[in-house]
file input-v7.pdb (PDB, C-alpha atoms)
ATOM      1  CA  MET A 866      50.207  88.529 172.804
ATOM      2  CA  LYS A 867      51.676  88.026 169.342
ATOM      3  CA  LYS A 868      51.521  84.221 169.508
ATOM      4  CA  GLN A 869      47.795  84.248 170.262
ATOM      5  CA  ARG A 870      47.155  86.791 167.510
ATOM      6  CA  LEU A 871      48.929  84.548 164.991
ATOM      7  CA  ILE A 872      47.049  81.451 166.155
ATOM      8  CA  THR A 873      43.759  83.336 165.829
ATOM      9  CA  GLY A 874      44.834  84.480 162.360
ATOM     10  CA  LEU A 875      45.521  80.884 161.359
ATOM     11  CA  LYS A 876      42.155  79.749 162.744
ATOM     12  CA  GLU A 877      40.392  82.484 160.796
ATOM     13  CA  ASP A 878      42.375  81.597 157.649
ATOM     14  CA  ARG A 879      43.988  85.032 157.369
ATOM     15  CA  PRO A 880      46.735  84.831 154.725
ATOM     16  CA  GLU A 881      48.895  87.456 156.454
ATOM     17  CA  ALA A 882      49.153  85.290 159.590
ATOM     18  CA  LEU A 883      50.295  82.298 157.555
ATOM     19  CA  ARG A 884      52.748  84.475 155.588
ATOM     20  CA  ASP A 885      54.178  86.033 158.767
ATOM     21  CA  ILE A 886      54.793  82.654 160.372
ATOM     22  CA  TYR A 887      56.196  81.204 157.161
ATOM     23  CA  LEU A 888      58.677  84.023 156.629
ATOM     24  CA  ALA A 889      59.635  84.394 160.290
ATOM     25  CA  HIS A 890      60.889  80.830 160.697
ATOM     26  CA  ARG A 891      61.859  79.626 157.212
ATOM     27  CA  LYS A 892      65.601  80.423 157.290
ATOM     28  CA  ALA A 893      66.045  79.077 160.806
ATOM     29  CA  PHE A 894      64.197  75.859 159.947
ATOM     30  CA  LEU A 895      66.257  75.304 156.818
ATOM     31  CA  ARG A 896      69.427  75.808 158.854
ATOM     32  CA  TYR A 897      68.073  73.464 161.554
ATOM     33  CA  SER A 898      67.279  70.790 158.955
ATOM     34  CA  LYS A 899      70.935  70.646 157.831
ATOM     35  CA  LYS A 900      71.755  68.388 160.740
ATOM     36  CA  TYR A 901      69.661  65.661 159.127
ATOM     37  CA  PRO A 902      70.681  63.695 156.031
ATOM     38  CA  ILE A 903      68.157  65.319 153.667
ATOM     39  CA  THR A 904      68.530  67.522 150.620
ATOM     40  CA  ALA A 905      67.846  71.261 150.626
ATOM     41  CA  SER A 906      64.847  70.668 148.375
ATOM     42  CA  MET A 907      63.470  68.053 150.795
ATOM     43  CA  ALA A 908      63.967  70.498 153.678
ATOM     44  CA  GLU A 909      61.908  73.094 151.753
ATOM     45  CA  ASP A 910      59.155  70.521 151.160
ATOM     46  CA  VAL A 911      59.171  69.479 154.814
ATOM     47  CA  TYR A 912      58.932  73.106 155.934
ATOM     48  CA  GLN A 913      55.978  73.783 153.655
ATOM     49  CA  ASP A 914      54.232  70.607 154.870
ATOM     50  CA  ALA A 915      54.906  71.609 158.483
ATOM     51  CA  ILE A 916      53.337  75.037 157.850
ATOM     52  CA  ILE A 917      50.239  73.386 156.378
ATOM     53  CA  ILE A 918      49.957  71.031 159.359
ATOM     54  CA  LEU A 919      50.394  73.983 161.735
ATOM     55  CA  ARG A 920      47.565  75.849 159.993
ATOM     56  CA  ASP A 921      45.309  72.765 160.020
ATOM     57  CA  ASN A 922      46.012  72.149 163.713
ATOM     58  CA  ALA A 923      45.153  75.777 164.482
ATOM     59  CA  ARG A 924      41.874  75.470 162.565
ATOM     60  CA  GLN A 925      41.022  72.345 164.564
ATOM     61  CA  GLY A 926      41.670  74.135 167.856
ATOM     62  CA  LYS A 927      44.741  72.065 168.708
ATOM     63  CA  LEU A 928      46.778  75.215 169.370
ATOM     64  CA  ASP A 929      44.249  76.922 171.637
ATOM     65  CA  ASN A 930      46.190  76.034 174.788
ATOM     66  CA  LEU A 931      49.658  75.857 173.260
ATOM     67  CA  LYS A 932      52.266  76.230 176.005
ATOM     68  CA  SER A 933      55.357  76.308 173.782
ATOM     69  CA  GLU A 934      56.299  78.949 171.264
ATOM     70  CA  LEU A 935      54.873  78.597 167.740
ATOM     71  CA  ARG A 936      58.414  78.160 166.454
ATOM     72  CA  THR A 937      59.071  75.227 168.786
ATOM     73  CA  TYR A 938      55.792  73.602 167.779
ATOM     74  CA  LEU A 939      56.525  74.170 164.071
ATOM     75  CA  PHE A 940      60.040  72.739 164.368
ATOM     76  CA  SER A 941      58.668  69.693 166.196
ATOM     77  CA  ILE A 942      56.276  69.055 163.319
ATOM     78  CA  GLY A 943      59.166  69.446 160.876
ATOM     79  CA  LYS A 944      61.367  67.080 162.855
ATOM     80  CA  TYR A 945      58.605  64.469 162.872
ATOM     81  CA  LEU A 946      58.172  64.841 159.102
ATOM     82  CA  ILE A 947      61.919  64.479 158.557
ATOM     83  CA  TYR A 948      61.965  61.291 160.651
ATOM     84  CA  ALA A 949      58.992  59.935 158.698
ATOM     85  CA  HIS A 950      60.779  60.657 155.417
ATOM     86  CA  LEU A 951      63.995  59.019 156.634
ATOM     87  CA  ARG A 952      62.102  55.955 157.839
ATOM     88  CA  LYS A 953      60.615  55.553 154.359
ATOM     89  CA  GLN A 954      64.093  55.880 152.888
ATOM     90  CA  LYS A 955      65.560  53.467 155.448
ATOM     91  CA  LYS A 956      67.933  56.163 156.705
ATOM     92  CA  VAL A 957      66.731  56.354 160.292
ATOM     93  CA  HIS A 958      69.979  54.811 161.491
ATOM     94  CA  LEU A 959      71.754  57.930 160.250
ATOM     95  CA  VAL A 960      69.552  60.114 162.416
ATOM     96  CA  GLU A 961      70.058  57.819 165.391
ATOM     97  CA  ASP A 962      73.825  57.883 164.806
ATOM     98  CA  PHE A 963      73.683  61.675 164.706
ATOM     99  CA  SER A 964      71.747  61.785 167.970
ATOM    100  CA  GLU A 965      74.330  59.586 169.648
ATOM    101  CA  MET A 966      77.199  61.504 168.122
ATOM    102  CA  TYR A 967      75.855  64.870 169.264
ATOM    103  CA  ASN A 968      74.720  64.136 172.766
ATOM    104  CA  GLU A 969      75.173  66.807 175.391
ATOM    105  CA  GLN A 970      78.575  65.515 176.496
ATOM    106  CA  THR A 971      79.911  65.699 172.949
ATOM    107  CA  VAL A 972      78.562  69.214 172.495
ATOM    108  CA  MET A 973      80.313  70.319 175.671
ATOM    109  CA  SER A 974      83.575  68.734 174.492
ATOM    110  CA  GLU A 975      83.248  70.512 171.164
ATOM    111  CA  ILE A 976      82.706  73.871 172.858
ATOM    112  CA  VAL A 977      85.837  73.262 174.915
ATOM    113  CA  GLU A 978      87.851  72.273 171.827
ATOM    114  CA  ALA A 979      86.672  75.356 169.945
ATOM    115  CA  THR A 980      87.261  77.872 172.728
ATOM    116  CA  ILE A 981      90.244  76.702 174.808
ATOM    117  CA  PRO A 982      93.741  76.444 173.305
ATOM    118  CA  ASP A 983      95.654  73.217 173.875
ATOM    119  CA  GLY A 984      97.419  72.931 177.179
ATOM    120  CA  GLU A 985      95.065  75.223 179.061
ATOM    121  CA  ARG A 986      92.575  74.056 181.677
ATOM    122  CA  LYS A 987      90.360  71.937 179.419
ATOM    123  CA  HIS A 988      89.267  69.642 182.206
ATOM    124  CA  GLN A 989      88.139  72.572 184.351
ATOM    125  CA  MET A 990      86.260  73.999 181.368
ATOM    126  CA  GLN A 991      84.553  70.661 180.777
ATOM    127  CA  LEU A 992      83.392  70.528 184.400
ATOM    128  CA  ALA A 993      82.218  74.143 184.294
ATOM    129  CA  LEU A 994      80.240  73.547 181.101
ATOM    130  CA  GLU A 995      78.423  70.677 182.786
ATOM    131  CA  GLN A 996      77.175  73.135 185.429
ATOM    132  CA  LEU A 997      76.269  75.859 182.937
ATOM    133  CA  GLY A 998      72.610  76.087 181.907
ATOM    134  CA  GLY A 999      71.394  74.454 178.709
ATOM    135  CA  LYS A1000      70.638  77.776 176.979
ATOM    136  CA  CYS A1001      74.179  78.955 177.682
ATOM    137  CA  ARG A1002      75.700  75.745 176.364
ATOM    138  CA  GLU A1003      73.552  76.084 173.256
ATOM    139  CA  ILE A1004      74.484  79.703 172.483
ATOM    140  CA  LEU A1005      78.183  79.044 173.096
ATOM    141  CA  TYR A1006      78.083  75.928 170.902
ATOM    142  CA  LEU A1007      76.405  77.815 168.059
ATOM    143  CA  PHE A1008      78.742  80.801 168.298
ATOM    144  CA  TYR A1009      82.117  79.165 168.946
ATOM    145  CA  TYR A1010      81.782  75.728 167.422
ATOM    146  CA  ARG A1011      79.283  76.126 164.597
ATOM    147  CA  GLY A1012      80.454  79.668 163.793
ATOM    148  CA  PHE A1013      76.974  81.210 163.787
ATOM    149  CA  SER A1014      76.785  84.986 163.682
ATOM    150  CA  LEU A1015      74.728  86.770 166.328
ATOM    151  CA  ASP A1016      72.034  87.375 163.692
ATOM    152  CA  GLU A1017      71.878  83.635 162.971
ATOM    153  CA  ILE A1018      71.698  82.897 166.695
ATOM    154  CA  VAL A1019      68.787  85.340 167.021
ATOM    155  CA  GLU A1020      66.933  83.425 164.284
ATOM    156  CA  THR A1021      67.850  79.964 165.526
ATOM    157  CA  LEU A1022      67.204  80.449 169.231
ATOM    158  CA  GLY A1023      64.404  82.997 168.915
ATOM    159  CA  TYR A1024      65.974  85.923 170.763
ATOM    160  CA  SER A1025      64.166  89.228 170.304
ATOM    161  CA  SER A1026      67.220  91.077 168.970
ATOM    162  CA  LYS A1027      70.908  90.867 168.238
ATOM    163  CA  ASP A1028      71.628  92.921 171.379
ATOM    164  CA  VAL A1029      69.748  90.401 173.541
ATOM    165  CA  ALA A1030      71.724  87.512 172.015
ATOM    166  CA  LYS A1031      74.991  89.416 172.496
ATOM    167  CA  SER A1032      74.150  90.138 176.143
ATOM    168  CA  GLN A1033      73.159  86.524 176.751
ATOM    169  CA  LYS A1034      76.398  85.261 175.188
ATOM    170  CA  SER A1035      78.365  87.719 177.309
ATOM    171  CA  ARG A1036      76.573  86.580 180.493
ATOM    172  CA  CYS A1037      77.222  82.956 179.579
ATOM    173  CA  ILE A1038      80.938  83.601 179.047
ATOM    174  CA  LYS A1039      81.094  85.481 182.366
ATOM    175  CA  SER A1040      79.328  82.605 184.160
ATOM    176  CA  LEU A1041      81.617  80.074 182.534
ATOM    177  CA  LYS A1042      84.724  82.035 183.540
ATOM    178  CA  ALA A1043      83.436  82.335 187.115
ATOM    179  CA  LEU A1044      82.830  78.585 187.257
ATOM    180  CA  VAL A1045      86.306  77.832 185.902
ATOM    181  CA  LYS A1046      87.924  80.202 188.425
ATOM    182  CA  SER A1047      86.023  78.745 191.359
ATOM    183  CA  PRO A1048      88.218  76.841 193.881
ATOM    184  CA  SER A1049      86.473  73.518 193.208
ATOM    185  CA  TYR A1050      87.922  73.478 189.640
ATOM    186  CA  GLY A1051      91.468  74.502 190.468
TER     187      GLY A1051
END
call {"tool": "encode", "arguments": {"input": "input-v7.pdb", "output": "C-alpha cells"}}
result
Amino acid sequence: MKKQRLITGLKEDRPEALRDIYLAHRKAFLRYSKKYPITASMAEDVYQDAIIILRDNARQGKLDNLKSELRTYLFSIGKYLIYAHLRKQKKVHLVEDFSEMYNEQTVMSEIVEATIPDGERKHQMQLALEQLGGKCREILYLFYYRGFSLDEIVETLGYSSKDVAKSQKSRCIKSLKALVKSPSYG
C-alpha cells in the first residue's frame, strides 16, 4: 500500500518520501487554502509547517494506525494551522462567516444556479441534490460552480485519474437527472 510505504518513509526520515508527499499535495492545498482569508505567501508557509508536523507525527508513531488518507490528514493539519493564524490575527469571525455562508444548503443552491437555466425545474433540482451523495454534490459544485477542470478535480478530491473523475461526474449527472425525473419531484 502506497500510504503505508510513505508513512514508513517519513518514519525512517527518507527525503524522497517527504518530497513525494510535498509535491503530490502542494497545488491542491494551495487551492484549498484560497477559501480562507490568508495571503498566498501565508498559505505556502502553512503548507510547509503542515508537512513538517506530518513528518514529526509519523516519526512519533502517530500515523501508524491512520484510517484516513495522508492527504486528508495533511489538509486537517493545514486547516488547524490556518485557524490558529486567524485567531492570532483576530480574523476568526471571517472563517466562521465563511462556514455559515457555504453550508451544504448554500452549496446545493449554487450548483442549481450554475447548472439550471432560469424558469426550469429549480425546485426539483434542489430536492434531488439533497438526496444525492456528498461526493457527487462536491464534484458537481467544483465543476459547475467553481469552474474546476477535471485535472483540478483529480488533484482536489484525490481521484486516481482524469478518466475516473470524468466517469464519476457523469454518474453523478445521470443520478441527478434520474432523481429529477422521478415522479416524486414532478
call {"tool": "closest_atom_pairs", "arguments": {"input": "input-v7.pdb", "of": "stretch 997-1035 of chain A", "to": "stretch 925-946 of chain A", "cutoff": "10 Å", "atoms": "all atoms listed in the file", "output": "tab-separated table"}}
result
residue	atom	partner	partner_atom	distance
A:Thr1021	CA	A:Arg936	CA	9.7
A:Leu1022	CA	A:Arg936	CA	9.5
A:Gly1023	CA	A:Arg936	CA	8.1
call {"tool": "atom_distance", "arguments": {"input": "input-v7.pdb", "atom1": "atom CA of A:Val1019", "atom2": "atom CA of A:Lys1046"}}
result
29.2 Å
call {"tool": "atom_distance", "arguments": {"input": "input-v7.pdb", "atom1": "atom CA of A:Ile947", "atom2": "atom CA of A:Ile916"}}
result
13.6 Å
call {"tool": "atom_distance", "arguments": {"input": "input-v7.pdb", "atom1": "atom CA of A:Tyr948", "atom2": "atom CA of A:Lys1000"}}
result
24.8 Å
call {"tool": "closest_residue", "arguments": {"input": "input-v7.pdb", "among": "A:Ala1030, A:Leu1005, A:Leu919, A:Leu888", "to": "A:Gly874", "atoms": "only C-alpha atoms"}}
result
A:Leu919
call {"tool": "closest_residue", "arguments": {"input": "input-v7.pdb", "among": "A:Ile917, A:Ile872, A:Ala923, A:Met907", "to": "A:His950", "atoms": "all atoms listed in the file"}}
result
A:Met907
call {"tool": "closest_residue", "arguments": {"input": "input-v7.pdb", "among": "A:Lys892, A:Arg870, A:Arg920, A:Leu951", "to": "A:Thr904", "atoms": "all atoms listed in the file"}}
result
A:Leu951
call {"tool": "closest_residue", "arguments": {"input": "input-v7.pdb", "among": "A:Lys1027, A:Arg1002, A:His890, A:Lys876", "to": "A:Tyr912", "atoms": "all atoms listed in the file"}}
result
A:His890
call {"tool": "axis_aligned_box", "arguments": {"input": "input-v7.pdb", "around": "stretch 1033-1047 of chain A", "padding_each_side": "5 Å", "output": "lines of an AutoDock Vina configuration file"}}
result
center_x = 80.5
center_y = 82.8
center_z = 183.3
size_x = 24.8
size_y = 19.9
size_z = 26.2
